>>> print(open('target_22.cif').read())   # mmCIF, C-alpha atoms
data_data
loop_
_atom_site.group_PDB
_atom_site.id
_atom_site.type_symbol
_atom_site.label_atom_id
_atom_site.label_comp_id
_atom_site.auth_asym_id
_atom_site.auth_seq_id
_atom_site.Cartn_x
_atom_site.Cartn_y
_atom_site.Cartn_z
ATOM 1 C CA MET A 1 -58.205 -115.471 87.894
ATOM 2 C CA PRO A 2 -55.848 -114.767 84.990
ATOM 3 C CA THR A 3 -52.872 -117.111 85.164
ATOM 4 C CA GLN A 4 -50.318 -117.804 82.463
ATOM 5 C CA THR A 5 -47.225 -119.985 82.423
ATOM 6 C CA PHE A 6 -44.134 -118.903 80.513
ATOM 7 C CA PRO A 7 -40.854 -120.625 79.653
ATOM 8 C CA GLY A 8 -38.008 -119.494 81.916
ATOM 9 C CA GLU A 9 -36.167 -117.563 79.233
ATOM 10 C CA TYR A 10 -35.487 -113.898 78.568
ATOM 11 C CA GLU A 11 -37.685 -114.058 75.454
ATOM 12 C CA SER A 12 -40.607 -114.360 77.899
ATOM 13 C CA LEU A 13 -39.976 -110.922 79.437
ATOM 14 C CA GLU A 14 -41.835 -108.995 76.755
ATOM 15 C CA LYS A 15 -44.746 -111.466 76.741
ATOM 16 C CA ILE A 16 -45.065 -111.278 80.533
ATOM 17 C CA ALA A 17 -44.908 -107.470 80.328
ATOM 18 C CA HIS A 18 -47.785 -107.503 77.840
ATOM 19 C CA PHE A 19 -49.863 -109.769 80.100
ATOM 20 C CA ILE A 20 -49.169 -107.638 83.197
ATOM 21 C CA ARG A 21 -49.857 -104.396 81.329
ATOM 22 C CA GLU A 22 -53.297 -105.506 80.191
ATOM 23 C CA GLU A 23 -54.291 -106.628 83.684
ATOM 24 C CA SER A 24 -52.899 -103.484 85.336
ATOM 25 C CA GLU A 25 -54.645 -101.211 82.880
ATOM 26 C CA SER A 26 -57.920 -103.052 83.477
ATOM 27 C CA ILE A 27 -58.169 -101.667 87.038
ATOM 28 C CA GLY A 28 -57.284 -98.135 85.956
ATOM 29 C CA LEU A 29 -53.678 -97.781 87.121
ATOM 30 C CA THR A 30 -52.010 -94.692 85.657
ATOM 31 C CA HIS A 31 -49.436 -95.004 82.890
ATOM 32 C CA ALA A 32 -46.641 -94.420 85.422
ATOM 33 C CA GLU A 33 -48.079 -97.022 87.807
ATOM 34 C CA VAL A 34 -48.374 -99.602 85.037
ATOM 35 C CA PHE A 35 -44.763 -98.884 84.077
ATOM 36 C CA ALA A 36 -43.718 -99.368 87.717
ATOM 37 C CA VAL A 37 -45.464 -102.761 87.868
ATOM 38 C CA GLU A 38 -43.906 -103.815 84.573
ATOM 39 C CA THR A 39 -40.463 -102.832 85.823
ATOM 40 C CA ALA A 40 -40.844 -104.724 89.115
ATOM 41 C CA VAL A 41 -42.101 -107.862 87.364
ATOM 42 C CA ASP A 42 -39.330 -107.694 84.755
ATOM 43 C CA GLU A 43 -36.713 -107.494 87.510
ATOM 44 C CA ALA A 44 -38.337 -110.370 89.414
ATOM 45 C CA VAL A 45 -38.520 -112.640 86.347
ATOM 46 C CA SER A 46 -34.915 -111.836 85.380
ATOM 47 C CA ASN A 47 -33.846 -112.760 88.938
ATOM 48 C CA ILE A 48 -35.749 -116.066 88.741
ATOM 49 C CA ILE A 49 -34.054 -117.031 85.471
ATOM 50 C CA GLU A 50 -30.598 -115.943 86.623
ATOM 51 C CA HIS A 51 -30.597 -117.021 90.279
ATOM 52 C CA ALA A 52 -33.360 -119.617 90.825
ATOM 53 C CA TYR A 53 -32.932 -121.517 87.550
ATOM 54 C CA LEU A 54 -29.266 -120.512 87.043
ATOM 55 C CA GLY A 55 -29.853 -119.928 83.348
ATOM 56 C CA GLU A 56 -32.448 -119.978 80.627
ATOM 57 C CA ASN A 57 -34.796 -122.841 79.753
ATOM 58 C CA LYS A 58 -34.404 -124.752 83.015
ATOM 59 C CA GLY A 59 -38.047 -124.441 84.085
ATOM 60 C CA THR A 60 -41.232 -122.435 83.860
ATOM 61 C CA ILE A 61 -42.548 -119.295 85.521
ATOM 62 C CA THR A 62 -46.202 -119.029 86.408
ATOM 63 C CA CYS A 63 -47.662 -115.553 86.579
ATOM 64 C CA THR A 64 -51.015 -114.817 88.213
ATOM 65 C CA CYS A 65 -52.704 -111.408 88.300
ATOM 66 C CA LEU A 66 -55.397 -110.666 90.851
ATOM 67 C CA PRO A 67 -57.004 -107.358 89.895
ATOM 68 C CA ALA A 68 -59.054 -105.664 92.643
ATOM 69 C CA THR A 69 -60.835 -102.317 92.852
ATOM 70 C CA ASP A 70 -57.942 -100.316 94.247
ATOM 71 C CA HIS A 71 -54.931 -102.566 93.693
ATOM 72 C CA ILE A 72 -53.447 -105.415 91.726
ATOM 73 C CA THR A 73 -51.648 -108.431 93.145
ATOM 74 C CA ILE A 74 -49.042 -110.208 91.023
ATOM 75 C CA ILE A 75 -47.905 -113.708 91.984
ATOM 76 C CA LEU A 76 -44.825 -115.252 90.369
ATOM 77 C CA GLU A 77 -44.016 -118.917 90.981
ATOM 78 C CA ASP A 78 -40.926 -120.829 89.946
ATOM 79 C CA PHE A 79 -39.563 -124.273 90.661
ATOM 80 C CA GLY A 80 -35.859 -123.520 90.847
ATOM 81 C CA GLN A 81 -33.594 -123.227 93.864
ATOM 82 C CA PRO A 82 -34.770 -120.804 96.532
ATOM 83 C CA PHE A 83 -33.298 -117.383 95.946
ATOM 84 C CA ASP A 84 -34.049 -114.555 98.323
ATOM 85 C CA PRO A 85 -33.021 -111.276 96.698
ATOM 86 C CA ARG A 86 -33.319 -109.581 100.071
ATOM 87 C CA THR A 87 -29.893 -111.048 100.810
ATOM 88 C CA VAL A 88 -28.451 -108.810 98.078
ATOM 89 C CA PRO A 89 -27.133 -105.603 99.681
ATOM 90 C CA PRO A 90 -28.911 -102.447 98.524
ATOM 91 C CA PRO A 91 -27.055 -100.304 96.003
ATOM 92 C CA GLU A 92 -25.127 -97.280 97.240
ATOM 93 C CA LEU A 93 -26.581 -94.525 95.119
ATOM 94 C CA ASP A 94 -24.687 -91.534 96.456
ATOM 95 C CA VAL A 95 -21.119 -92.707 95.940
ATOM 96 C CA PRO A 96 -18.858 -91.453 93.112
ATOM 97 C CA LEU A 97 -19.007 -93.265 89.791
ATOM 98 C CA LYS A 98 -15.744 -95.146 90.375
ATOM 99 C CA GLN A 99 -17.168 -96.757 93.511
ATOM 100 C CA ARG A 100 -20.605 -97.448 92.059
ATOM 101 C CA LYS A 101 -21.306 -101.161 91.927
ATOM 102 C CA ILE A 102 -23.356 -102.274 88.972
ATOM 103 C CA ASN A 103 -25.488 -104.869 90.776
ATOM 104 C CA GLY A 104 -28.296 -104.688 93.306
ATOM 105 C CA LEU A 105 -30.554 -102.336 91.373
ATOM 106 C CA GLY A 106 -33.167 -104.967 90.442
ATOM 107 C CA MET A 107 -34.359 -105.792 93.960
ATOM 108 C CA PHE A 108 -34.083 -102.133 94.894
ATOM 109 C CA MET A 109 -36.450 -101.187 92.074
ATOM 110 C CA MET A 110 -38.923 -103.943 92.988
ATOM 111 C CA GLN A 111 -39.132 -102.630 96.543
ATOM 112 C CA LYS A 112 -39.336 -98.997 95.491
ATOM 113 C CA TRP A 113 -41.922 -99.429 92.742
ATOM 114 C CA MET A 114 -44.284 -101.833 94.523
ATOM 115 C CA ASP A 115 -46.243 -101.227 97.724
ATOM 116 C CA GLU A 116 -45.817 -104.773 99.047
ATOM 117 C CA VAL A 117 -43.235 -107.457 98.220
ATOM 118 C CA HIS A 118 -43.369 -110.876 99.927
ATOM 119 C CA PHE A 119 -41.331 -114.019 99.340
ATOM 120 C CA GLU A 120 -42.459 -117.539 100.234
ATOM 121 C CA PHE A 121 -40.248 -120.587 99.835
ATOM 122 C CA CYS A 122 -41.937 -123.974 100.115
ATOM 123 C CA HIS A 123 -41.312 -127.557 98.936
ATOM 124 C CA GLU A 124 -43.308 -127.184 95.751
ATOM 125 C CA CYS A 125 -42.181 -123.781 94.573
ATOM 126 C CA ASN A 126 -40.808 -120.331 95.283
ATOM 127 C CA ARG A 127 -43.519 -117.701 95.368
ATOM 128 C CA LEU A 128 -43.170 -113.951 95.068
ATOM 129 C CA VAL A 129 -46.229 -111.826 95.809
ATOM 130 C CA MET A 130 -46.211 -108.143 94.872
ATOM 131 C CA VAL A 131 -48.990 -105.617 95.322
ATOM 132 C CA LYS A 132 -49.454 -102.229 93.687
ATOM 133 C CA TYR A 133 -52.153 -99.841 94.890
ATOM 134 C CA LYS A 134 -53.731 -97.213 92.678
ATOM 135 C CA GLU A 135 -52.482 -94.459 94.928
ATOM 136 C CA LYS A 136 -49.321 -95.292 96.786
ATOM 137 C CA LYS A 137 -49.934 -95.826 100.492
ATOM 138 C CA THR A 138 -48.090 -93.429 102.755
ATOM 139 C CA MET B 1 -34.403 -103.257 70.615
ATOM 140 C CA GLU B 2 -32.672 -101.483 67.788
ATOM 141 C CA THR B 3 -29.641 -99.244 67.689
ATOM 142 C CA LYS B 4 -28.526 -96.768 65.063
ATOM 143 C CA LEU B 5 -25.006 -95.397 65.118
ATOM 144 C CA THR B 6 -23.954 -92.035 63.670
ATOM 145 C CA HIS B 7 -20.318 -90.944 63.686
ATOM 146 C CA TYR B 8 -19.618 -87.267 64.256
ATOM 147 C CA LYS B 9 -16.232 -85.616 64.215
ATOM 148 C CA HIS B 10 -16.074 -85.228 67.978
ATOM 149 C CA CYS B 11 -18.388 -87.953 69.218
ATOM 150 C CA ASP B 12 -20.585 -90.904 68.355
ATOM 151 C CA LEU B 13 -24.359 -90.840 68.589
ATOM 152 C CA VAL B 14 -26.265 -94.026 69.360
ATOM 153 C CA LYS B 15 -30.026 -93.933 68.979
ATOM 154 C CA VAL B 16 -31.651 -96.730 70.953
ATOM 155 C CA SER B 17 -35.256 -97.787 70.513
ATOM 156 C CA GLY B 18 -37.555 -100.495 71.836
ATOM 157 C CA ARG B 19 -37.080 -102.537 75.010
ATOM 158 C CA VAL B 20 -33.785 -102.725 76.873
ATOM 159 C CA ASP B 21 -34.134 -105.729 79.191
ATOM 160 C CA SER B 22 -32.150 -108.848 80.138
ATOM 161 C CA LEU B 23 -32.712 -110.211 76.620
ATOM 162 C CA THR B 24 -31.518 -107.176 74.712
ATOM 163 C CA ALA B 25 -29.079 -105.422 77.094
ATOM 164 C CA PRO B 26 -26.150 -107.662 76.044
ATOM 165 C CA ARG B 27 -26.617 -106.416 72.459
ATOM 166 C CA LEU B 28 -26.552 -102.807 73.622
ATOM 167 C CA ALA B 29 -23.386 -103.555 75.612
ATOM 168 C CA GLU B 30 -21.852 -105.086 72.493
ATOM 169 C CA GLU B 31 -22.660 -101.991 70.401
ATOM 170 C CA LEU B 32 -21.241 -99.611 72.993
ATOM 171 C CA ASN B 33 -18.156 -101.747 73.592
ATOM 172 C CA LYS B 34 -17.529 -101.769 69.864
ATOM 173 C CA ILE B 35 -17.412 -97.952 69.842
ATOM 174 C CA ALA B 36 -15.117 -97.783 72.882
ATOM 175 C CA GLY B 37 -13.051 -100.621 71.426
ATOM 176 C CA SER B 38 -12.343 -98.466 68.383
ATOM 177 C CA GLY B 39 -10.863 -95.805 70.647
ATOM 178 C CA ARG B 40 -13.875 -93.491 70.702
ATOM 179 C CA PHE B 41 -15.039 -92.643 74.197
ATOM 180 C CA LYS B 42 -17.307 -89.630 73.669
ATOM 181 C CA ILE B 43 -20.762 -91.059 73.234
ATOM 182 C CA VAL B 44 -24.245 -89.545 73.171
ATOM 183 C CA ILE B 45 -27.073 -92.009 73.689
ATOM 184 C CA ASP B 46 -30.451 -90.871 72.335
ATOM 185 C CA LEU B 47 -33.109 -92.663 74.362
ATOM 186 C CA SER B 48 -36.163 -91.047 72.741
ATOM 187 C CA GLY B 49 -37.350 -94.358 71.280
ATOM 188 C CA VAL B 50 -36.854 -96.480 74.386
ATOM 189 C CA GLN B 51 -40.115 -97.925 75.710
ATOM 190 C CA PHE B 52 -38.674 -99.869 78.622
ATOM 191 C CA LEU B 53 -35.337 -100.040 80.411
ATOM 192 C CA SER B 54 -34.601 -102.507 83.206
ATOM 193 C CA SER B 55 -31.678 -102.749 85.618
ATOM 194 C CA ALA B 56 -29.885 -104.837 82.975
ATOM 195 C CA GLY B 57 -29.879 -101.704 80.794
ATOM 196 C CA LEU B 58 -28.817 -99.526 83.728
ATOM 197 C CA ARG B 59 -25.834 -101.813 84.316
ATOM 198 C CA VAL B 60 -24.753 -101.416 80.685
ATOM 199 C CA LEU B 61 -24.953 -97.623 80.961
ATOM 200 C CA ILE B 62 -22.936 -97.515 84.208
ATOM 201 C CA SER B 63 -20.244 -99.878 82.848
ATOM 202 C CA THR B 64 -19.941 -97.833 79.673
ATOM 203 C CA GLN B 65 -19.725 -94.579 81.624
ATOM 204 C CA LYS B 66 -16.988 -96.040 83.842
ATOM 205 C CA ASN B 67 -15.061 -97.217 80.794
ATOM 206 C CA CYS B 68 -15.401 -93.948 78.884
ATOM 207 C CA LYS B 69 -14.519 -91.694 81.804
ATOM 208 C CA ARG B 70 -11.367 -93.651 82.650
ATOM 209 C CA TYR B 71 -8.226 -91.495 82.210
ATOM 210 C CA ASN B 72 -10.568 -88.562 81.415
ATOM 211 C CA ARG B 73 -10.705 -89.795 77.846
ATOM 212 C CA GLY B 74 -14.395 -89.237 77.324
ATOM 213 C CA GLU B 75 -17.915 -89.471 78.676
ATOM 214 C CA VAL B 76 -21.365 -90.874 77.997
ATOM 215 C CA MET B 77 -24.155 -88.298 77.818
ATOM 216 C CA LEU B 78 -27.846 -89.074 77.580
ATOM 217 C CA ALA B 79 -30.399 -87.250 75.444
ATOM 218 C CA CYS B 80 -34.182 -87.220 74.971
ATOM 219 C CA VAL B 81 -34.981 -89.400 77.967
ATOM 220 C CA PRO B 82 -38.691 -90.355 78.086
ATOM 221 C CA GLU B 83 -40.508 -89.424 81.307
ATOM 222 C CA ASN B 84 -40.861 -93.002 82.596
ATOM 223 C CA ILE B 85 -37.199 -93.751 81.974
ATOM 224 C CA LEU B 86 -36.218 -90.497 83.683
ATOM 225 C CA ALA B 87 -38.105 -91.691 86.779
ATOM 226 C CA VAL B 88 -35.990 -94.869 86.680
ATOM 227 C CA PHE B 89 -32.812 -92.777 86.400
ATOM 228 C CA GLU B 90 -33.847 -90.640 89.355
ATOM 229 C CA LEU B 91 -34.581 -93.721 91.444
ATOM 230 C CA ALA B 92 -31.280 -95.341 90.492
ATOM 231 C CA GLY B 93 -29.248 -92.206 91.263
ATOM 232 C CA PHE B 94 -28.203 -91.719 87.641
ATOM 233 C CA ILE B 95 -28.850 -87.995 87.653
ATOM 234 C CA THR B 96 -25.511 -87.372 89.350
ATOM 235 C CA ILE B 97 -23.432 -89.623 87.098
ATOM 236 C CA PHE B 98 -24.809 -88.732 83.666
ATOM 237 C CA LYS B 99 -25.374 -85.391 81.985
ATOM 238 C CA ILE B 100 -28.885 -85.477 80.576
ATOM 239 C CA PHE B 101 -30.025 -83.258 77.701
ATOM 240 C CA ASP B 102 -33.461 -82.504 76.316
ATOM 241 C CA ASP B 103 -32.240 -82.735 72.729
ATOM 242 C CA VAL B 104 -29.522 -84.495 70.773
ATOM 243 C CA THR B 105 -28.035 -81.327 69.274
ATOM 244 C CA ALA B 106 -27.294 -79.879 72.713
ATOM 245 C CA ALA B 107 -25.675 -83.134 73.843
ATOM 246 C CA VAL B 108 -23.520 -83.491 70.713
ATOM 247 C CA GLY B 109 -22.567 -79.803 71.039
ATOM 248 C CA GLU B 110 -21.150 -80.455 74.518
ATOM 249 C CA PHE B 111 -18.207 -82.396 73.049
#
>>> encode(input="target_22.cif", output="structure tokens")
Amino acid sequence: MPTQTFPGEYESLEKIAHFIREESESIGLTHAEVFAVETAVDEAVSNIIEHAYLGENKGTITCTCLPATDHITIILEDFGQPFDPRTVPPPELDVPLKQRKINGLGMFMMQKWMDEVHFEFCHECNRLVMVKYKEKKT
Amino acid sequence: METKLTHYKHCDLVKVSGRVDSLTAPRLAEELNKIAGSGRFKIVIDLSGVQFLSSAGLRVLISTQKNCKRYNRGEVMLACVPENILAVFELAGFITIFKIFDDVTAAVGEF
């Protein structure tokens, strides 16, 4: 079970992306699917640093990849304050530029790009579980 | 992430390459703010070399577009958008708020 722990800093984003990419490619996800996973994980890690740790270098982020035949499961664990991005209102995409808010896109992209997104908040840690299937379920 | 700025008579061209994420987006914002801060609001962003662009990058592009379009003084146009990044733009509803060109010459020619 490939697991790696990274410092909670934005410098880790590229290293996590590299780790995720290798694992996603190993089960034969397409280039676009791998990109989708990378995007979702990048958004999730950025949220952890910004909202759970309230800044860089306040704690670590553990990333586990569970590759299976037809899907990959990504588990991200942090030890900051519980932050549930589902409380962030979804972006309004069809409003004129002047009314466009600049936040809310990260969670939106996680939900759109991944097939499953689950949050668990317990005493020890906050856990985010995301699943991407080879062919998107309908 | 790297940026390369070229001044034209009617607009500025910024070629962006590499990763635009939470680490690097503030630098992109700084570069674009510098251009707008000098009173130039017609900007073409060449994204051909961008490998990855997160919502942090999207926020920079929206903010810059809002700033440039204020008082009808200019606009940000995007050129040479890689396929994966275009999928992000479509998902984020960017297609309606940015003009997107297949090549830099066409985008620069619009100004």
>>> residues_near_point(input="target_22.cif", point="(-42.8, -108.6, 89.8)", cutoff="7 Å", atoms="only C-alpha atoms", output="number ranges by chain")
A: 37, 40-45, 74, 76, 110, 130
>>> closest_atom_pairs(input="target_22.cif", of="chain B", to="chain A", cutoff="6 Å", atoms="all atoms listed in the file", output="CSV")
residue,atom,partner,partner_atom,distance
B:Leu23,CA,A:Tyr10,CA,5.0
B:Ser55,CA,A:Gly106,CA,5.5
B:Arg59,CA,A:Ile102,CA,5.3
B:Gly93,CA,A:Leu93,CA,5.2
>>> closest_residue(input="target_22.cif", among="A:Ile48, A:Met114, A:Thr64, A:Glu56", to="Pro82 (chain A)", atoms="all atoms listed in the file")
A:Ile48
>>> resolve_selection(input="target_22.cif", expression="the PyMOL selection byres ((chain A and resi 24) around 12)", output="short mmCIF file (atom, residue, chain, number, x, y, z; two decimals) with C-alpha atoms, in the coordinates of the input")
data_model
loop_
_atom_site.label_atom_id
_atom_site.label_comp_id
_atom_site.auth_asym_id
_atom_site.auth_seq_id
_atom_site.Cartn_x
_atom_site.Cartn_y
_atom_site.Cartn_z
CA PRO A 2 -55.85 -114.77 84.99
CA ALA A 17 -44.91 -107.47 80.33
CA HIS A 18 -47.78 -107.50 77.84
CA PHE A 19 -49.86 -109.77 80.10
CA ILE A 20 -49.17 -107.64 83.20
CA ARG A 21 -49.86 -104.40 81.33
CA GLU A 22 -53.30 -105.51 80.19
CA GLU A 23 -54.29 -106.63 83.68
CA GLU A 25 -54.64 -101.21 82.88
CA SER A 26 -57.92 -103.05 83.48
CA ILE A 27 -58.17 -101.67 87.04
CA GLY A 28 -57.28 -98.14 85.96
CA LEU A 29 -53.68 -97.78 87.12
CA THR A 30 -52.01 -94.69 85.66
CA HIS A 31 -49.44 -95.00 82.89
CA ALA A 32 -46.64 -94.42 85.42
CA GLU A 33 -48.08 -97.02 87.81
CA VAL A 34 -48.37 -99.60 85.04
CA PHE A 35 -44.76 -98.88 84.08
CA ALA A 36 -43.72 -99.37 87.72
CA VAL A 37 -45.46 -102.76 87.87
CA GLU A 38 -43.91 -103.82 84.57
CA VAL A 41 -42.10 -107.86 87.36
CA THR A 64 -51.02 -114.82 88.21
CA CYS A 65 -52.70 -111.41 88.30
CA LEU A 66 -55.40 -110.67 90.85
CA PRO A 67 -57.00 -107.36 89.90
CA ALA A 68 -59.05 -105.66 92.64
CA THR A 69 -60.84 -102.32 92.85
CA ASP A 70 -57.94 -100.32 94.25
CA HIS A 71 -54.93 -102.57 93.69
CA ILE A 72 -53.45 -105.42 91.73
CA THR A 73 -51.65 -108.43 93.14
CA ILE A 74 -49.04 -110.21 91.02
CA VAL A 131 -48.99 -105.62 95.32
CA LYS A 132 -49.45 -102.23 93.69
CA TYR A 133 -52.15 -99.84 94.89
CA LYS A 134 -53.73 -97.21 92.68
#
>>> residues_around(input="target_22.cif", residues="Val44 (chain B)", least_positions_apart="5", cutoff="7 Å", atoms="all atoms listed in the file", output="NGL selection string")
:B and (12-14 or 76-79 or 107-108)
>>> closest_residue(input="target_22.cif", among="B:Ala25, B:Ile95, B:Leu61, B:Cys68", to="Ser38 (chain B)", atoms="all atoms listed in the file")
B:Cys68
>>> axis_aligned_box(input="target_22.cif", around="region 110-126 of chain A", padding_each_side="8 Å", output="AutoDock Vina command-line options")
--center_x -42.6 --center_y -113.3 --center_z 96.5 --size_x 23.3 --size_y 44.6 --size_z 23.5
>>> resolve_selection(input="target_22.cif", expression="the PyMOL selection byres ((chain B and resi 6) around 12)", output="ChimeraX atom specification")
/B:3-5,7-16,35,43-46,104,108
>>> residues_around(input="target_22.cif", residues="region 123-128 of chain A", least_positions_apart="3", cutoff="7 Å", atoms="all atoms listed in the file", output="list of chain:residue names")
A:Ile75, A:Leu76, A:Glu77, A:Asp78, A:Phe79, A:Pro82, A:His118, A:Phe119, A:Glu120
>>> atom_distance(input="target_22.cif", atom1="CA of Asn84 (chain B)", atom2="CA of Arg86 (chain A)")
25.2 Å
>>> atom_distance(input="target_22.cif", atom1="CA of Leu91 (chain B)", atom2="CA of Arg73 (chain B)")
27.8 Å
>>> resolve_selection(input="target_22.cif", expression="the PyMOL selection byres ((chain A and resi 61) around 6)", output="PyMOL selection string")
chain A and resi 5-6+8+60+62+77-78
>>> build_atoms(input="target_22.cif", residues="region 89-107 of chain B", atoms="N, CA and C atoms", output="mmCIF file, in the coordinates of the input")
data_model
loop_
_atom_site.group_PDB
_atom_site.id
_atom_site.type_symbol
_atom_site.label_atom_id
_atom_site.label_comp_id
_atom_site.auth_asym_id
_atom_site.auth_seq_id
_atom_site.Cartn_x
_atom_site.Cartn_y
_atom_site.Cartn_z
ATOM 1 N N PHE B 89 -34.140 -93.369 86.187
ATOM 2 C CA PHE B 89 -32.812 -92.777 86.400
ATOM 3 C C PHE B 89 -32.749 -92.060 87.748
ATOM 4 N N GLU B 90 -33.825 -91.362 88.076
ATOM 5 C CA GLU B 90 -33.847 -90.640 89.355
ATOM 6 C C GLU B 90 -33.785 -91.620 90.513
ATOM 7 N N LEU B 91 -34.553 -92.698 90.386
ATOM 8 C CA LEU B 91 -34.581 -93.721 91.444
ATOM 9 C C LEU B 91 -33.212 -94.383 91.597
ATOM 10 N N ALA B 92 -32.552 -94.610 90.476
ATOM 11 C CA ALA B 92 -31.280 -95.341 90.492
ATOM 12 C C ALA B 92 -30.076 -94.423 90.743
ATOM 13 N N GLY B 93 -30.341 -93.132 90.979
ATOM 14 C CA GLY B 93 -29.248 -92.206 91.263
ATOM 15 C C GLY B 93 -28.385 -91.912 90.050
ATOM 16 N N PHE B 94 -28.978 -91.964 88.866
ATOM 17 C CA PHE B 94 -28.203 -91.719 87.641
ATOM 18 C C PHE B 94 -28.016 -90.236 87.345
ATOM 19 N N ILE B 95 -28.852 -89.423 87.977
ATOM 20 C CA ILE B 95 -28.850 -87.995 87.653
ATOM 21 C C ILE B 95 -27.491 -87.370 87.971
ATOM 22 N N THR B 96 -26.800 -87.947 88.959
ATOM 23 C CA THR B 96 -25.511 -87.372 89.350
ATOM 24 C C THR B 96 -24.347 -87.940 88.528
ATOM 25 N N ILE B 97 -24.567 -89.025 87.817
ATOM 26 C CA ILE B 97 -23.432 -89.623 87.098
ATOM 27 C C ILE B 97 -23.542 -89.512 85.569
ATOM 28 N N PHE B 98 -24.664 -88.972 85.109
ATOM 29 C CA PHE B 98 -24.809 -88.732 83.666
ATOM 30 C C PHE B 98 -25.314 -87.307 83.429
ATOM 31 N N LYS B 99 -24.771 -86.650 82.424
ATOM 32 C CA LYS B 99 -25.374 -85.391 81.985
ATOM 33 C C LYS B 99 -26.545 -85.767 81.087
ATOM 34 N N ILE B 100 -27.678 -85.143 81.336
ATOM 35 C CA ILE B 100 -28.885 -85.477 80.576
ATOM 36 C C ILE B 100 -29.382 -84.236 79.832
ATOM 37 N N PHE B 101 -29.616 -84.386 78.541
ATOM 38 C CA PHE B 101 -30.025 -83.258 77.701
ATOM 39 C C PHE B 101 -31.411 -83.503 77.117
ATOM 40 N N ASP B 102 -32.118 -82.385 76.890
ATOM 41 C CA ASP B 102 -33.461 -82.504 76.316
ATOM 42 C C ASP B 102 -33.412 -82.821 74.823
ATOM 43 N N ASP B 103 -32.324 -82.415 74.161
ATOM 44 C CA ASP B 103 -32.240 -82.735 72.729
ATOM 45 C C ASP B 103 -30.827 -83.162 72.339
ATOM 46 N N VAL B 104 -30.774 -83.883 71.239
ATOM 47 C CA VAL B 104 -29.522 -84.495 70.773
ATOM 48 C C VAL B 104 -28.493 -83.431 70.388
ATOM 49 N N THR B 105 -28.960 -82.369 69.742
ATOM 50 C CA THR B 105 -28.035 -81.327 69.274
ATOM 51 C C THR B 105 -27.255 -80.724 70.439
ATOM 52 N N ALA B 106 -27.955 -80.466 71.540
ATOM 53 C CA ALA B 106 -27.294 -79.879 72.713
ATOM 54 C C ALA B 106 -26.254 -80.858 73.273
ATOM 55 N N ALA B 107 -26.597 -82.130 73.300
ATOM 56 C CA ALA B 107 -25.675 -83.134 73.843
ATOM 57 C C ALA B 107 -24.439 -83.263 72.965
#
